[in-house]
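File shown: model-v3.pdb. Contents: PDB, C-alpha atoms.
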```
ATOM      1  CA  MET A   1     103.186 120.200 125.318
ATOM      2  CA  LYS A   2      99.932 121.654 124.013
ATOM      3  CA  TRP A   3      99.442 120.980 120.317
ATOM      4  CA  LYS A   4      96.442 123.259 119.877
ATOM      5  CA  THR A   5      96.850 125.973 117.237
ATOM      6  CA  ARG A   6      94.496 127.747 114.858
ATOM      7  CA  VAL A   7      95.455 125.128 112.279
ATOM      8  CA  THR A   8      94.439 122.176 114.442
ATOM      9  CA  GLU A   9      91.172 123.932 115.282
ATOM     10  CA  LEU A  10      90.483 124.875 111.668
ATOM     11  CA  LEU A  11      91.095 121.384 110.312
ATOM     12  CA  ASN A  12      89.881 119.440 113.356
ATOM     13  CA  ILE A  13      93.154 117.506 113.690
ATOM     14  CA  ASP A  14      95.323 116.568 116.672
ATOM     15  CA  TYR A  15      98.689 117.723 115.351
ATOM     16  CA  PRO A  16      99.347 120.703 113.040
ATOM     17  CA  ILE A  17     101.030 118.490 110.456
ATOM     18  CA  ILE A  18      99.859 118.371 106.834
ATOM     19  CA  GLN A  19     100.936 115.933 104.139
ATOM     20  CA  GLY A  20     101.770 117.550 100.818
ATOM     21  CA  GLY A  21      99.956 116.779  97.565
ATOM     22  CA  LEU A  22     102.759 114.574  96.151
ATOM     23  CA  ALA A  23     101.891 114.024  92.503
ATOM     24  CA  TYR A  24     101.473 110.340  91.551
ATOM     25  CA  LEU A  25     102.040 109.288  95.182
ATOM     26  CA  ALA A  26      99.402 110.809  97.464
ATOM     27  CA  TYR A  27      96.514 108.404  97.361
ATOM     28  CA  ALA A  28      94.191 106.860  99.943
ATOM     29  CA  ASP A  29      96.759 104.632 101.684
ATOM     30  CA  LEU A  30      99.061 107.509 102.598
ATOM     31  CA  ALA A  31      96.322 110.063 103.193
ATOM     32  CA  ALA A  32      94.444 107.779 105.576
ATOM     33  CA  ALA A  33      97.612 106.874 107.472
ATOM     34  CA  VAL A  34      98.466 110.545 108.040
ATOM     35  CA  SER A  35      94.934 111.368 109.141
ATOM     36  CA  ASN A  36      94.808 108.342 111.438
ATOM     37  CA  ALA A  37      98.056 109.497 113.054
ATOM     38  CA  GLY A  38      96.441 112.834 113.889
ATOM     39  CA  GLY A  39      97.539 115.019 110.980
ATOM     40  CA  LEU A  40      95.858 115.945 107.710
ATOM     41  CA  GLY A  41      96.410 113.491 104.879
ATOM     42  CA  GLN A  42      95.699 114.499 101.287
ATOM     43  CA  ILE A  43      94.777 112.825  98.015
ATOM     44  CA  THR A  44      96.295 114.269  94.842
ATOM     45  CA  ALA A  45      93.443 114.952  92.415
ATOM     46  CA  MET A  46      95.185 116.013  89.225
ATOM     47  CA  SER A  47      97.374 112.913  89.082
ATOM     48  CA  LEU A  48      94.231 110.820  88.680
ATOM     49  CA  THR A  49      92.835 110.134  85.235
ATOM     50  CA  SER A  50      89.204 111.095  85.739
ATOM     51  CA  ALA A  51      86.578 112.466  88.095
ATOM     52  CA  ASP A  52      85.358 108.919  88.656
ATOM     53  CA  SER A  53      88.819 107.749  89.735
ATOM     54  CA  LEU A  54      88.993 110.646  92.212
ATOM     55  CA  ARG A  55      85.590 109.716  93.596
ATOM     56  CA  LYS A  56      86.732 106.121  94.080
ATOM     57  CA  GLU A  57      89.921 107.239  95.830
ATOM     58  CA  ILE A  58      88.010 109.547  98.173
ATOM     59  CA  ARG A  59      85.564 106.770  99.025
ATOM     60  CA  ARG A  60      88.430 104.347  99.582
ATOM     61  CA  ALA A  61      90.038 106.804 102.011
ATOM     62  CA  LYS A  62      86.738 107.079 103.884
ATOM     63  CA  THR A  63      86.806 103.338 104.506
ATOM     64  CA  MET A  64      90.310 103.649 105.967
ATOM     65  CA  THR A  65      89.916 106.657 108.263
ATOM     66  CA  ALA A  66      87.144 108.420 110.125
ATOM     67  CA  ASN A  67      89.314 111.520 110.504
ATOM     68  CA  PRO A  68      89.411 114.582 108.230
ATOM     69  CA  PHE A  69      91.503 114.420 105.065
ATOM     70  CA  GLY A  70      91.937 116.739 102.128
ATOM     71  CA  VAL A  71      92.120 116.746  98.354
ATOM     72  CA  ASN A  72      94.925 118.657  96.674
ATOM     73  CA  PHE A  73      94.441 120.406  93.325
ATOM     74  CA  ALA A  74      97.742 121.102  91.538
ATOM     75  CA  ILE A  75      96.039 123.232  88.947
ATOM     76  CA  GLY A  76      98.989 124.858  87.250
ATOM     77  CA  GLN A  77     101.291 121.974  86.455
ATOM     78  CA  HIS A  78      99.155 119.482  84.549
ATOM     79  CA  GLY A  79      97.505 121.737  81.970
ATOM     80  CA  ARG A  80      94.142 120.092  82.547
ATOM     81  CA  ALA A  81      90.683 121.328  83.444
ATOM     82  CA  PHE A  82      90.039 120.974  87.147
ATOM     83  CA  GLU A  83      86.374 121.958  87.532
ATOM     84  CA  HIS A  84      84.983 118.424  87.227
ATOM     85  CA  MET A  85      87.432 117.231  89.883
ATOM     86  CA  VAL A  86      86.446 120.004  92.294
ATOM     87  CA  GLU A  87      82.788 119.092  91.769
ATOM     88  CA  VAL A  88      83.556 115.557  92.965
ATOM     89  CA  ALA A  89      85.269 116.870  96.110
ATOM     90  CA  ILE A  90      82.193 118.989  96.830
ATOM     91  CA  GLU A  91      79.773 116.144  96.163
ATOM     92  CA  GLU A  92      81.768 113.788  98.381
ATOM     93  CA  LYS A  93      81.794 116.392 101.156
ATOM     94  CA  VAL A  94      85.570 116.405 101.513
ATOM     95  CA  PRO A  95      86.326 118.568 104.576
ATOM     96  CA  VAL A  96      89.485 120.230 103.209
ATOM     97  CA  ILE A  97      90.860 121.199  99.805
ATOM     98  CA  SER A  98      94.236 122.693  98.987
ATOM     99  CA  VAL A  99      95.326 124.510  95.857
ATOM    100  CA  THR A 100      98.869 124.526  94.515
ATOM    101  CA  GLY A 101     100.674 125.546  91.375
ATOM    102  CA  GLY A 102      98.386 128.236  89.966
ATOM    103  CA  ASN A 103      95.839 130.973  90.554
ATOM    104  CA  PRO A 104      93.505 129.535  93.223
ATOM    105  CA  LYS A 105      90.539 131.770  92.402
ATOM    106  CA  GLY A 106      88.693 129.248  90.227
ATOM    107  CA  VAL A 107      88.798 126.528  92.870
ATOM    108  CA  LEU A 108      88.013 128.863  95.759
ATOM    109  CA  ASP A 109      85.025 130.303  93.902
ATOM    110  CA  MET A 110      83.632 126.816  93.277
ATOM    111  CA  VAL A 111      83.737 125.793  96.932
ATOM    112  CA  GLU A 112      82.389 129.126  98.220
ATOM    113  CA  GLY A 113      79.336 128.494 100.374
ATOM    114  CA  HIS A 114      80.277 124.882 101.107
ATOM    115  CA  PRO A 115      81.618 123.769 104.511
ATOM    116  CA  ILE A 116      85.056 123.055 103.052
ATOM    117  CA  LYS A 117      88.251 124.507 104.527
ATOM    118  CA  LYS A 118      90.477 126.087 101.905
ATOM    119  CA  LEU A 119      94.293 125.983 101.958
ATOM    120  CA  VAL A 120      96.490 127.691  99.355
ATOM    121  CA  LEU A 121     100.192 127.051  98.773
ATOM    122  CA  VAL A 122     102.179 130.250  98.186
ATOM    123  CA  ALA A 123     105.830 131.085  97.648
ATOM    124  CA  ALA A 124     105.777 134.857  98.200
ATOM    125  CA  ARG A 125     104.297 137.412 100.557
ATOM    126  CA  ARG A 126     102.120 138.999  97.881
ATOM    127  CA  GLN A 127     100.710 135.605  96.894
ATOM    128  CA  ALA A 128      99.762 135.009 100.525
ATOM    129  CA  GLU A 129      98.002 138.365 100.765
ATOM    130  CA  LYS A 130      96.114 137.643  97.553
ATOM    131  CA  ALA A 131      95.098 134.182  98.766
ATOM    132  CA  GLU A 132      93.664 135.729 101.910
ATOM    133  CA  GLU A 133      91.737 138.268  99.812
ATOM    134  CA  LEU A 134      90.298 135.422  97.723
ATOM    135  CA  GLY A 135      88.990 133.614 100.779
ATOM    136  CA  ALA A 136      91.680 131.122 101.785
ATOM    137  CA  ASP A 137      91.318 129.899 105.358
ATOM    138  CA  ALA A 138      95.076 129.373 105.702
ATOM    139  CA  VAL A 139      98.185 129.624 103.546
ATOM    140  CA  MET A 140     100.981 127.102 103.196
ATOM    141  CA  VAL A 141     104.252 128.964 102.634
ATOM    142  CA  VAL A 142     106.929 127.011 100.764
ATOM    143  CA  GLY A 143     110.532 128.120 101.000
ATOM    144  CA  GLN A 144     113.188 127.513  98.394
ATOM    145  CA  GLU A 145     114.334 124.387 100.243
ATOM    146  CA  GLY A 146     111.158 122.532  99.305
ATOM    147  CA  GLY A 147     110.786 119.722  96.804
ATOM    148  CA  GLY A 148     108.762 119.918  93.614
ATOM    149  CA  HIS A 149     107.550 123.233  92.272
ATOM    150  CA  LEU A 150     108.742 126.375  94.052
ATOM    151  CA  GLY A 151     108.422 130.109  93.738
ATOM    152  CA  ARG A 152     110.500 132.051  91.245
ATOM    153  CA  GLY A 153     112.417 133.758  94.023
ATOM    154  CA  ASP A 154     115.169 132.032  95.968
ATOM    155  CA  VAL A 155     113.815 132.887  99.408
ATOM    156  CA  GLY A 156     114.183 130.259 102.100
ATOM    157  CA  ALA A 157     111.577 129.327 104.675
ATOM    158  CA  MET A 158     113.553 130.965 107.489
ATOM    159  CA  VAL A 159     112.950 134.388 105.916
ATOM    160  CA  LEU A 160     109.695 133.806 104.047
ATOM    161  CA  THR A 161     107.674 132.294 106.897
ATOM    162  CA  PRO A 162     107.855 135.233 109.350
ATOM    163  CA  LYS A 163     107.490 137.686 106.459
ATOM    164  CA  VAL A 164     104.154 136.141 105.528
ATOM    165  CA  VAL A 165     103.086 135.782 109.172
ATOM    166  CA  ASP A 166     103.530 139.537 109.567
ATOM    167  CA  HIS A 167     101.360 140.349 106.544
ATOM    168  CA  VAL A 168      98.299 138.101 106.791
ATOM    169  CA  SER A 169      95.744 137.490 109.508
ATOM    170  CA  ILE A 170      94.924 133.870 108.597
ATOM    171  CA  PRO A 171      97.052 130.968 109.904
ATOM    172  CA  VAL A 172     100.372 130.276 108.204
ATOM    173  CA  ILE A 173     101.632 126.737 107.595
ATOM    174  CA  ALA A 174     105.367 126.459 106.892
ATOM    175  CA  SER A 175     106.809 124.175 104.241
ATOM    176  CA  GLY A 176     110.254 123.471 102.835
ATOM    177  CA  GLY A 177     113.067 121.601 104.587
ATOM    178  CA  ILE A 178     110.838 120.434 107.448
ATOM    179  CA  VAL A 179     111.247 116.750 108.275
ATOM    180  CA  ASP A 180     111.195 116.309 112.070
ATOM    181  CA  GLY A 181     110.389 117.796 115.460
ATOM    182  CA  ARG A 182     113.324 120.184 115.471
ATOM    183  CA  SER A 183     112.445 121.751 112.130
ATOM    184  CA  MET A 184     108.781 121.830 113.130
ATOM    185  CA  MET A 185     109.579 123.783 116.279
ATOM    186  CA  ALA A 186     111.791 126.141 114.267
ATOM    187  CA  ALA A 187     108.796 126.883 112.030
ATOM    188  CA  MET A 188     106.604 127.497 115.069
ATOM    189  CA  ALA A 189     109.217 129.876 116.488
ATOM    190  CA  LEU A 190     108.934 131.874 113.263
ATOM    191  CA  GLY A 191     105.193 132.288 113.781
ATOM    192  CA  ALA A 192     103.822 129.376 111.761
ATOM    193  CA  GLU A 193     100.900 127.484 113.288
ATOM    194  CA  GLY A 194     101.449 124.289 111.360
ATOM    195  CA  ILE A 195     103.786 122.546 108.949
ATOM    196  CA  GLU A 196     103.468 120.811 105.606
ATOM    197  CA  MET A 197     105.849 117.995 104.691
ATOM    198  CA  GLY A 198     106.278 116.274 101.360
ATOM    199  CA  THR A 199     109.631 114.512 101.025
ATOM    200  CA  ARG A 200     109.444 113.173 104.577
ATOM    201  CA  PHE A 201     106.153 111.394 103.839
ATOM    202  CA  ILE A 202     107.563 109.784 100.685
ATOM    203  CA  SER A 203     109.971 107.912 102.951
ATOM    204  CA  THR A 204     107.275 106.112 104.918
ATOM    205  CA  LYS A 205     105.946 102.602 104.633
ATOM    206  CA  GLU A 206     102.449 103.759 103.696
ATOM    207  CA  CYS A 207     103.656 105.682 100.657
ATOM    208  CA  VAL A 208     103.130 102.486  98.706
ATOM    209  CA  ASP A 209     103.340 104.064  95.248
ATOM    210  CA  ALA A 210     106.906 105.335  95.805
ATOM    211  CA  HIS A 211     109.383 102.779  94.443
ATOM    212  CA  LYS A 212     112.028 101.443  96.817
ATOM    213  CA  ASN A 213     114.777 102.913  94.598
ATOM    214  CA  TYR A 214     113.286 106.386  95.032
ATOM    215  CA  LYS A 215     113.003 105.982  98.785
ATOM    216  CA  GLN A 216     116.565 104.674  98.980
ATOM    217  CA  ALA A 217     117.869 107.663  97.013
ATOM    218  CA  ILE A 218     116.223 109.958  99.567
ATOM    219  CA  LEU A 219     117.886 108.041 102.408
ATOM    220  CA  GLU A 220     121.274 108.377 100.709
ATOM    221  CA  ALA A 221     120.876 112.073  99.894
ATOM    222  CA  ASP A 222     123.163 114.670 101.423
ATOM    223  CA  GLU A 223     122.680 118.436 101.511
ATOM    224  CA  ASN A 224     123.919 118.749  97.916
ATOM    225  CA  ALA A 225     121.809 115.940  96.463
ATOM    226  CA  THR A 226     119.073 118.093  94.914
ATOM    227  CA  VAL A 227     118.981 120.527  92.004
ATOM    228  CA  VAL A 228     116.487 123.056  90.710
ATOM    229  CA  ILE A 229     115.278 122.370  87.186
ATOM    230  CA  LYS A 230     112.856 124.253  84.872
ATOM    231  CA  ARG A 231     114.161 127.703  85.792
ATOM    232  CA  SER A 232     114.348 128.542  82.095
ATOM    233  CA  LEU A 233     110.588 127.945  81.836
ATOM    234  CA  GLY A 234     109.777 130.186  84.796
ATOM    235  CA  THR A 235     108.543 127.207  86.824
ATOM    236  CA  PRO A 236     111.503 126.182  88.999
ATOM    237  CA  ALA A 237     111.236 122.869  90.811
ATOM    238  CA  ARG A 238     113.596 120.901  93.058
ATOM    239  CA  ALA A 239     114.461 117.278  92.285
ATOM    240  CA  LEU A 240     117.006 114.660  93.248
ATOM    241  CA  SER A 241     120.139 115.076  91.168
ATOM    242  CA  ASN A 242     120.728 112.237  88.715
ATOM    243  CA  HIS A 243     121.729 111.594  85.101
ATOM    244  CA  TRP A 244     118.244 112.615  83.930
ATOM    245  CA  THR A 245     118.312 116.004  85.668
ATOM    246  CA  ASP A 246     121.837 116.531  84.324
ATOM    247  CA  GLN A 247     120.405 116.256  80.820
ATOM    248  CA  ILE A 248     117.614 118.700  81.689
ATOM    249  CA  LEU A 249     120.105 121.255  83.000
ATOM    250  CA  ARG A 250     122.274 120.928  79.890
ATOM    251  CA  ILE A 251     119.272 121.637  77.664
ATOM    252  CA  GLU A 252     118.373 124.621  79.815
ATOM    253  CA  GLU A 253     121.935 125.960  79.671
ATOM    254  CA  ARG A 254     121.690 125.923  75.878
ATOM    255  CA  ASP A 255     118.316 127.707  76.120
ATOM    256  CA  GLN A 256     116.667 125.242  73.748
ATOM    257  CA  GLY A 257     113.140 125.906  75.018
ATOM    258  CA  TYR A 258     110.143 123.873  76.066
ATOM    259  CA  GLU A 259     109.985 121.642  72.994
ATOM    260  CA  SER A 260     113.424 120.253  73.764
ATOM    261  CA  LEU A 261     112.551 119.811  77.438
ATOM    262  CA  LYS A 262     109.012 118.478  77.346
ATOM    263  CA  ASP A 263     109.825 114.770  77.185
ATOM    264  CA  PHE A 264     112.396 115.101  79.946
ATOM    265  CA  ILE A 265     110.100 116.958  82.383
ATOM    266  CA  SER A 266     106.878 115.120  81.589
ATOM    267  CA  GLY A 267     104.680 113.305  84.050
ATOM    268  CA  GLU A 268     105.668 110.074  82.342
ATOM    269  CA  ALA A 269     109.339 110.738  83.043
ATOM    270  CA  ASN A 270     108.472 111.529  86.647
ATOM    271  CA  LYS A 271     106.457 108.325  87.041
ATOM    272  CA  SER A 272     109.148 106.205  85.386
ATOM    273  CA  TYR A 273     111.399 106.893  88.329
ATOM    274  CA  ILE A 274     109.133 107.457  91.340
ATOM    275  CA  ASN A 275     106.652 104.657  90.564
ATOM    276  CA  ASN A 276     108.805 102.233  88.578
ATOM    277  CA  GLY A 277     112.281 102.939  89.971
ATOM    278  CA  ASP A 278     113.936 103.447  86.578
ATOM    279  CA  GLU A 279     116.447 106.240  87.118
ATOM    280  CA  SER A 280     117.630 105.974  83.515
ATOM    281  CA  LYS A 281     114.231 107.178  82.275
ATOM    282  CA  GLY A 282     113.189 109.845  84.739
ATOM    283  CA  PHE A 283     113.507 111.946  87.852
ATOM    284  CA  GLY A 284     111.988 112.344  91.313
ATOM    285  CA  TRP A 285     111.059 115.448  93.257
ATOM    286  CA  ALA A 286     112.694 115.990  96.654
ATOM    287  CA  GLY A 287     113.473 118.879  98.953
ATOM    288  CA  GLN A 288     116.750 119.686 100.679
ATOM    289  CA  GLY A 289     115.301 118.113 103.816
ATOM    290  CA  ALA A 290     116.107 114.741 102.229
ATOM    291  CA  ALA A 291     119.589 115.197 103.684
ATOM    292  CA  ARG A 292     118.088 114.708 107.146
ATOM    293  CA  ILE A 293     115.928 111.663 106.404
ATOM    294  CA  ASN A 294     117.556 108.441 107.541
ATOM    295  CA  ASP A 295     114.769 105.888 107.899
ATOM    296  CA  ILE A 296     111.488 104.612 106.471
ATOM    297  CA  PRO A 297     109.083 104.395 109.415
ATOM    298  CA  THR A 298     105.356 103.924 109.462
ATOM    299  CA  VAL A 299     103.485 107.219 109.460
ATOM    300  CA  ASN A 300     102.437 106.635 113.057
ATOM    301  CA  GLU A 301     106.041 106.013 114.095
ATOM    302  CA  LEU A 302     107.049 109.218 112.324
ATOM    303  CA  PHE A 303     104.421 111.227 114.207
ATOM    304  CA  GLN A 304     105.542 109.796 117.535
ATOM    305  CA  SER A 305     109.148 110.675 116.715
ATOM    306  CA  ILE A 306     108.174 114.229 115.755
ATOM    307  CA  ARG A 307     106.141 114.626 118.919
ATOM    308  CA  LYS A 308     108.923 113.340 121.158
ATOM    309  CA  GLU A 309     111.546 115.550 119.543
ATOM    310  CA  ALA A 310     109.318 118.635 119.578
ATOM    311  CA  GLU A 311     108.571 118.134 123.258
ATOM    312  CA  SER A 312     112.288 117.825 123.942
ATOM    313  CA  VAL A 313     112.863 121.173 122.220
ATOM    314  CA  SER A 314     110.039 122.720 124.221
ATOM    315  CA  GLU A 315     111.558 121.478 127.475
ATOM    316  CA  ARG A 316     114.949 122.911 126.511
ATOM    317  CA  TRP A 317     113.354 126.272 125.738
ATOM    318  CA  SER A 318     111.609 126.304 129.118
ATOM    319  CA  LYS A 319     114.994 126.136 130.832
ATOM    320  CA  MET A 320     116.444 129.084 128.933
TER     321      MET A 320
END
```
How does this structure look as structure tokens?
Amino acid sequence: MKWKTRVTELLNIDYPIIQGGLAYLAYADLAAAVSNAGGLGQITAMSLTSADSLRKEIRRAKTMTANPFGVNFAIGQHGRAFEHMVEVAIEEKVPVISVTGGNPKGVLDMVEGHPIKKLVLVAARRQAEKAEELGADAVMVVGQEGGGHLGRGDVGAMVLTPKVVDHVSIPVIASGGIVDGRSMMAAMALGAEGIEMGTRFISTKECVDAHKNYKQAILEADENATVVIKRSLGTPARALSNHWTDQILRIEERDQGYESLKDFISGEANKSYINNGDESKGFGWAGQGAARINDIPTVNELFQSIRKEAESVSERWSKM
């Protein structure tokens, strides 16, 4: 099976597989492992406390892999200035940046003229068209199945991916519910030229900042194990269902507003569970694809499994 697509050529990677930004989890260990396996690993910038800490994490990744990796800027969810972080990525000559969670124009303008490939996460056709107009080199299209922050519409990847493919000329990378070779090949059949995975990479050995309780909850998840919170704020996001998310949904049902929700949806509440394993004090993002995750392999083992399964699908198609 030939793995060459516009995405592999654009990013100079072996497999068209991209690791999501993963707030408070995507640091050098995971990013380097993904890049070493032939995909594109990413470091999450806005989860770090300062420009200096980002610089250190980028330099640490460089000691762990000689392959391309990216830096993700989740600019809409943290309420923080991002310009000083982007400047570090430029100074450190990071080959790829991705923008999620907000208007990408500010970041894209800053890296204009630099040899940095620009990816933008979108959740609607119009957003994809706008990203292309602003200079994105590729768009990552997240369907409603995805974990973390989603679009305001409830459109799944099966419909959204080909819709975007038909309306932009740049490569499309599918995201949401993709965890293995079968779902990867389904995305390719819809016209995508790559995939982005988040939840699947949490359940790997190299995601060292994800607590074992969080990983175990993903392994135990079924197709009804996630819920969408923050709809009342206009920023819907999918998380594992637990006592904490139950409280969030009750507050939202009573329409009590952001002030009543802020402590429940904070980064600290998120970290309490995903980093420290305390389900009584927080929550963890996860997509519906968690229902199909049954092991915690190394990243390299995961890539080999995806490759083998995808090639099996390709062989089956050739006989049809």
Problem set entry | Explicit residues for the PyMOL selection byres ((chain A and resi 106) around 10) (as an MDAnalysis selection string) | chainID A and resid 75 82:83 86 99 102:105 107:111 134
For this session: Please evaluate the PyMOL selection byres ((chain A and resi 267) around 12) against the structure above and give the resulting residues as a list in words.
Result: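 In the shown coordinates, the PyMOL selection byres ((chain A and resi 267) around 12) covers Ala23, Tyr24, Met46, Ser47, Leu48, Gln77, His78, Gly79, Lys262, Asp263, Phe264, Ile265, Ser266, Glu268, Ala269, Asn270, Lys271, Ser272, Tyr273, Ile274, Asn275, Lys281, Gly282, Phe283, Gly284 and Trp285 of chain A.
For the set A:Ala124, A:Ala186, A:Ala33, A:Val142, the residue with the smallest atom-to-atom gap to Val168 (chain A) is A:Ala124, counting only C-alpha atoms.
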Problem set entry | Picked residues, the PyMOL selection byres ((chain A and resi 25) around 9), as a PyMOL selection string | chain A and resi 21-24+26-27+30+43-44+47+202+207-210+274-275
Can you sort out the box for region 23-30 of chain A, edges along x, y and z, all listed atoms in, 4 Å on every side, with centre and edge lengths in Å to one decimal, as lines of an AutoDock Vina configuration file?
```
center_x = 98.1
center_y = 109.3
center_z = 97.1
size_x = 15.8
size_y = 17.4
size_z = 19.0
```
For this session: Excluding region 34-39 of chain A and any residue of its chain fewer than 4 positions from it, enumerate the residues within 12 Å of it, using all atoms listed in the file, and give them as a PyMOL selection string.
Result: chain A and resi 3+7-9+11-20+26-30+43+61-70+96+194-198+200-202+204-207+298-307
For this session: For Asp137 (chain A), please output as a ChimeraX atom specification all residues within 9 Å (counting only C-alpha atoms; exclusion window: fewer than 3 positions along the same chain).
Result: /A:10,117-120,131-132,170-171
Exercise. Please, what distance in Å, to one decimal, runs between CA of Arg6 (chain A) and CA of Leu40 (chain A)?
Worked result: 13.9 Å
Surrounding residues of Val227 (chain A) excluding itself and chain neighbours under 5 positions, 10 Å, only C-alpha atoms, as a PDB file with C-alpha atoms, keeping the file's coordinate frame:
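Result saved to selection-v9.pdb:
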```
ATOM      1  CA  GLY A 147     110.786 119.722  96.804  1.00  0.00           C
ATOM      2  CA  PRO A 236     111.503 126.182  88.999  1.00  0.00           C
ATOM      3  CA  ALA A 237     111.236 122.869  90.811  1.00  0.00           C
ATOM      4  CA  ARG A 238     113.596 120.901  93.058  1.00  0.00           C
ATOM      5  CA  ALA A 239     114.461 117.278  92.285  1.00  0.00           C
ATOM      6  CA  LEU A 240     117.006 114.660  93.248  1.00  0.00           C
ATOM      7  CA  SER A 241     120.139 115.076  91.168  1.00  0.00           C
ATOM      8  CA  ASN A 242     120.728 112.237  88.715  1.00  0.00           C
ATOM      9  CA  THR A 245     118.312 116.004  85.668  1.00  0.00           C
ATOM     10  CA  ASP A 246     121.837 116.531  84.324  1.00  0.00           C
ATOM     11  CA  LEU A 249     120.105 121.255  83.000  1.00  0.00           C
ATOM     12  CA  TRP A 285     111.059 115.448  93.257  1.00  0.00           C
ATOM     13  CA  ALA A 286     112.694 115.990  96.654  1.00  0.00           C
ATOM     14  CA  GLY A 287     113.473 118.879  98.953  1.00  0.00           C
ATOM     15  CA  GLN A 288     116.750 119.686 100.679  1.00  0.00           C
TER      16      GLN A 288
END
```
Exercise. Closest to Glu92 (chain A) among A:Ala174, A:Ala123, A:Ala51, A:Ala74, using all atoms listed in the file?
Worked result: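 Counting all atoms listed in the file, the residue closest to Glu92 (chain A) is A:Ala51.
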For this session: Select, from A:Ala192, A:Gly153, A:His167, A:Met184, the residue with the minimum atom-to-atom distance to Gly234 (chain A), counting only C-alpha atoms.
Result: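 Closest candidate: A:Gly153.
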For this session: Please measure the separation of CA of Ala290 (chain A) and CA of Ile218 (chain A), giving the value in Å to one decimal.
Result: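 Between CA of Ala290 (chain A) and CA of Ile218 (chain A) the gap works out to 5.5 Å.
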Problem set entry | Pairwise distance for CA of Leu121 (chain A) and CA of Gln216 (chain A), rounded to one decimal in Å |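 So the answer is 27.7 Å.
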Problem set entry | Near-Arg316 (chain A) list (12 Å; all atoms listed in the file; drop same-chain fewer than 6 positions) as a ChimeraX atom specification | /A:182,185,309-310
Residues from last step as file, C-alpha atoms, as a tab-separated table (two decimals), keeping the file's coordinate frame:
```tsv
chain	number	residue	atom	x	y	z
A	182	ARG	CA	113.32	120.18	115.47
A	185	MET	CA	109.58	123.78	116.28
A	309	GLU	CA	111.55	115.55	119.54
A	310	ALA	CA	109.32	118.64	119.58
```
For this session: Go through A:Thr226, A:Ser203, A:Val313, A:Asp278 and flag the residue nearest Pro297 (chain A), using all atoms listed in the file for the distances.
Result: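 Looking only at the distances to Pro297 (chain A), the closest residue turns out to be A:Ser203.
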Exercise. Within 9 Å of Arg55 (chain A), counting only C-alpha atoms, which residues qualify if same-chain residues fewer than 3 places away don't, as a list in words?
Worked result: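 After dropping sequence-adjacent residues, the list is Ser50, Ala51, Asp52, Ile58, Arg59, Arg60, Met85, Val88, Ala89 and Glu92 of chain A.
Of the residues listed (A:Asp166, A:Glu193, A:Asp180, A:Asp222), A:Asp166 shows the shortest atom-to-atom separation from Ala128 (chain A); distances use all atoms listed in the file.
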Exercise. Around (119.9, 105.6, 101.4) in the file's own coordinates, what residues are found within 12 Å if you use only C-alpha atoms, given back as a PyMOL selection string?
Worked result: chain A and resi 203+212-222+225+290-296
